[in-house]
Amino acid sequence: MSSIDVIEKFLRYVKIDTQSDDTTGTSPSTAKQHDLAKLLYDEMNAIGVSNAFYDKDHCYVYGVIPATKGYENAPKIGFISHMDTSDEVSGKDVKARIVEKYDGNDITLSSDGKVVLSPDSFPELKNHIGEDLIVTDGTTLLGADDKAGVAEIMTMAETLLTDDSIQHGPIMIAFTPDEEIGEGTAFFDIDRFGASFAYTVDGGKLGELEYENFNAAEGVIKVNGRSVHPGDAKNKMINASLICYEFHSLLPAFQNPMYTEKREGFFHLTEITGSTESATASYIIRDHDEALFNEKKELFKAASEFLNKKYGEGTVEVTLRDQYYNMIEKIRPHMHLVDNAKKVMESLDIVPIDVPIRGGTDGASLSYKGLPCPNLCTGGYNYHGKYEYASVQEMRKVVEILLGLAKVYKDFKI
């Protein structure tokens with residue numbers, strides 16, 4: 001393994017606040033994401049990445065690791081990670097520390113002792129006994145989602161550029177903003193990127209290999225009620241807020257994220273606001289299976305039609321918008337991406353884990369834009385919260401996976 005340390009890079013990157021914000025309507029959604037983009041661009045130039053480009057308007061960074069001599073015509077493979085962190089918990093002033101040789105007991109994160117990372121709440125911690133864990137101070141998230149991926153790609157890049165013994169074809173790398181708010185590929189330049197296919201490095205547990213994700217839609221109902229003084233409301237009032245609750249009761253009770261797992265889809269009520277006169281309810285609708293996904297959308301519309309028959313046409317207005325689709329449809333013609341990733345993992349004594357993503361990924365959007373792009377693990381856990389942590393040993397293993405894929409594709413024939 002190279003002396004270039006992924007952990008040193010990671011600890012540097014997490015200090016930079018790159019939290020995205022879905023309320024701004026700009027791209028990038030927050031100007032501070034440029035701080036990491038500029039740093040990565042400078043680092044890429046410093047280590048010798050070719051064609052380094054920083055999109056100063058939209059905050060994307062691209063670069064090329066030239067093929068070693070004799071492999072210039074090998075398939076062009078890419079690796080992508082996102083720079084932003086979740087808007088659910090602050091990413092400002094991250095104070096990461098390393099717990100060496102974790103002993104399986106509680107890890108007290110906060111100085112007041114109130115925030116504790118415990119195997120009682122997070123049983124998978126027991127799988128890391130003896131490893132070194134990077135944790136927060138209990139006041140912020142860590143940022144392993146996805147600065148672990150950023151650090152792993154940058155470490156791979158620097159290793160390939162400094163170790164002439166590793167032969168490889170052309171390698172493309174890119175870093176994106178706003179993935180956490182679903183806008184990570186809005187201005188991604190596939191032509192500039194230049195890869196024939198790629199991997200996002202944005203998963204979790206070591207060995208995870210994701211090439212299926214939800215089909216996703218957003219559903220919104222607006223209920224137009226009728227407000228009448230409650231003392232004189234009989235047969236006159238139409239309570240919009242109550243009709244929202246009635247609408248929800250028409251959806252299958254157990255097709256709810258609280259009761260589903262693996263490839264099971266759901267309706268998720270994300271927000272409800274209103275009064276007697278007017279009310280709005282917002283949902284996300286998810287399913288891996290396209291037919292079941294379409295059935296869910298039809299049921300959503302049918303519930304509104306039933307209530308309009310009951311209370312009068314126009315009482316319930318429905319808006320449905322597809323957000324993204326299951327990447328498996330675009331990965332199937334390129335299953336070498338999955339097969340080669342599994343082979344590399346197995347060669348490193350890592351057990352590949354096929355995981356259907358219960359969400360979306362930049363890779364899903366890119367796959368539908370013509371760049372087949374499954375997702376690889378990073379070694380991070382408990383994303384989007386102050387209990388987030390990453391395994392030092394797993395992160396270093398991920399770098400080995402990326403280097404292994406670079407080696408495999410130098411001889412691969414499409």
# chains A, B, ... in the order shown; residues from 1 in each chain; ligands from 1
>>> closest_atom_pairs(of="segment 129-233 of chain A", to="segment 61-79 of chain A", cutoff="12 Å", atoms="only C-alpha atoms", output="tab-separated table")
residue	atom	partner	partner_atom	distance
A:Gly149	CA	A:Phe79	CA	9.3
A:Val150	CA	A:Phe79	CA	9.5
A:Ala151	CA	A:Phe79	CA	11.7
A:Glu152	CA	A:Phe79	CA	9.9
A:Ile153	CA	A:Phe79	CA	6.9
A:Met154	CA	A:Phe79	CA	9.9
A:Thr155	CA	A:Phe79	CA	12.0
A:Met156	CA	A:Phe79	CA	9.9
A:Ala157	CA	A:Ile65	CA	6.8
A:Glu158	CA	A:Ile65	CA	9.1
A:Thr159	CA	A:Ile65	CA	10.4
A:Leu160	CA	A:Ile65	CA	7.7
A:Leu161	CA	A:Ile65	CA	7.1
A:Thr162	CA	A:Ile65	CA	10.9
A:Asp163	CA	A:Thr68	CA	10.5
A:Asp164	CA	A:Thr68	CA	7.9
A:Ser165	CA	A:Thr68	CA	9.4
A:Ile166	CA	A:Thr68	CA	8.2
A:Gln167	CA	A:Thr68	CA	5.6
A:His168	CA	A:Ala67	CA	5.6
A:Gly169	CA	A:Ala67	CA	4.2
A:Pro170	CA	A:Ala67	CA	4.3
A:Ile171	CA	A:Ile65	CA	5.0
A:Met172	CA	A:Gly78	CA	4.3
A:Ile173	CA	A:Phe79	CA	4.9
A:Ala174	CA	A:Tyr62	CA	4.4
A:Phe175	CA	A:Val61	CA	5.2
A:Thr176	CA	A:Val61	CA	6.9
A:Pro177	CA	A:Val61	CA	9.3
A:Phe187	CA	A:Val61	CA	11.4
A:Phe188	CA	A:Val61	CA	9.6
A:Asp189	CA	A:Tyr62	CA	9.2
A:Ile190	CA	A:Tyr62	CA	10.2
A:Asp191	CA	A:Tyr62	CA	11.0
A:Arg192	CA	A:Tyr62	CA	7.8
A:Phe193	CA	A:Tyr62	CA	6.4
A:Gly194	CA	A:Lys76	CA	7.4
A:Ala195	CA	A:Lys76	CA	4.8
A:Ser196	CA	A:Lys76	CA	5.3
A:Phe197	CA	A:Ile77	CA	5.5
A:Ala198	CA	A:Gly78	CA	4.1
A:Tyr199	CA	A:Phe79	CA	5.0
A:Thr200	CA	A:Phe79	CA	5.7
A:Val201	CA	A:Phe79	CA	6.9
A:Asp202	CA	A:Phe79	CA	10.2
>>> residues_around(residues="Thr108 of chain A", least_positions_apart="3", cutoff="10 Å", atoms="only C-alpha atoms", output="PyMOL selection string")
chain A and resi 105+111-118+135-138
>>> select_by_dssp(residues="segment 19-267 of chain A", states="helix (DSSP H, G or I)", output="ChimeraX atom specification")
/A:33-47,123-128,144-162,179-181,190-193,230-232,240-249,257-259
>>> residues_around(residues="segment 388-404 of chain A", least_positions_apart="3", cutoff="8 Å", atoms="only C-alpha atoms", output="PyMOL selection string")
chain A and resi 1+6-7+128+131-136+141-144+148+152-153+155-156+160+206+341+344-345+348+377-385+407-408
>>> write_last_selection(atoms="C-alpha atoms", output="JSON list (two decimals), in the first residue's frame")
[["chain", "number", "residue", "atom", "x", "y", "z"],
["A", 1, "MET", "CA", 0.00, 0.00, 0.00],
["A", 6, "VAL", "CA", -6.37, 8.66, 2.66],
["A", 7, "ILE", "CA", -7.06, 9.53, 6.30],
["A", 128, "HIS", "CA", -15.39, -2.83, 14.14],
["A", 131, "GLU", "CA", -10.36, -1.05, 14.16],
["A", 132, "ASP", "CA", -9.63, 2.67, 14.37],
["A", 133, "LEU", "CA", -12.83, 4.72, 14.11],
["A", 134, "ILE", "CA", -13.13, 8.37, 13.11],
["A", 135, "VAL", "CA", -15.94, 10.04, 15.07],
["A", 136, "THR", "CA", -17.43, 13.48, 15.72],
["A", 141, "LEU", "CA", -22.06, 15.37, 11.42],
["A", 142, "LEU", "CA", -18.70, 13.95, 10.32],
["A", 143, "GLY", "CA", -18.98, 14.36, 6.57],
["A", 144, "ALA", "CA", -17.96, 10.86, 5.50],
["A", 148, "ALA", "CA", -14.72, 9.72, 2.49],
["A", 152, "GLU", "CA", -10.48, 7.82, -1.51],
["A", 153, "ILE", "CA", -10.62, 8.98, -5.12],
["A", 155, "THR", "CA", -5.72, 9.04, -2.84],
["A", 156, "MET", "CA", -6.19, 6.66, -5.76],
["A", 160, "LEU", "CA", -1.50, 6.19, -9.74],
["A", 206, "LEU", "CA", -17.11, -2.15, 3.12],
["A", 341, "ALA", "CA", -16.12, -4.81, -8.86],
["A", 344, "VAL", "CA", -11.66, -7.00, -7.26],
["A", 345, "MET", "CA", -13.31, -7.15, -3.84],
["A", 348, "LEU", "CA", -8.85, -8.36, -1.55],
["A", 377, "CYS", "CA", -18.73, 1.60, -0.62],
["A", 378, "THR", "CA", -16.70, 4.17, 1.33],
["A", 379, "GLY", "CA", -16.38, 2.71, 4.85],
["A", 380, "GLY", "CA", -18.66, 5.35, 6.40],
["A", 381, "TYR", "CA", -21.65, 4.74, 8.70],
["A", 382, "ASN", "CA", -24.62, 6.52, 10.30],
["A", 383, "TYR", "CA", -24.72, 9.23, 7.66],
["A", 384, "HIS", "CA", -26.54, 12.56, 8.11],
["A", 385, "GLY", "CA", -26.13, 12.79, 11.85],
["A", 407, "LYS", "CA", -5.79, -2.30, -13.05],
["A", 408, "VAL", "CA", -8.64, -4.55, -14.25]]
>>> atom_distance(atom1="atom CA of Ala217 of chain A", atom2="atom CA of Val89 of chain A")
24.7 Å
>>> closest_residue(among="A:Tyr13, A:Tyr325, A:Phe247, A:Tyr54", to="Ala96 of chain A", atoms="only C-alpha atoms")
A:Tyr13
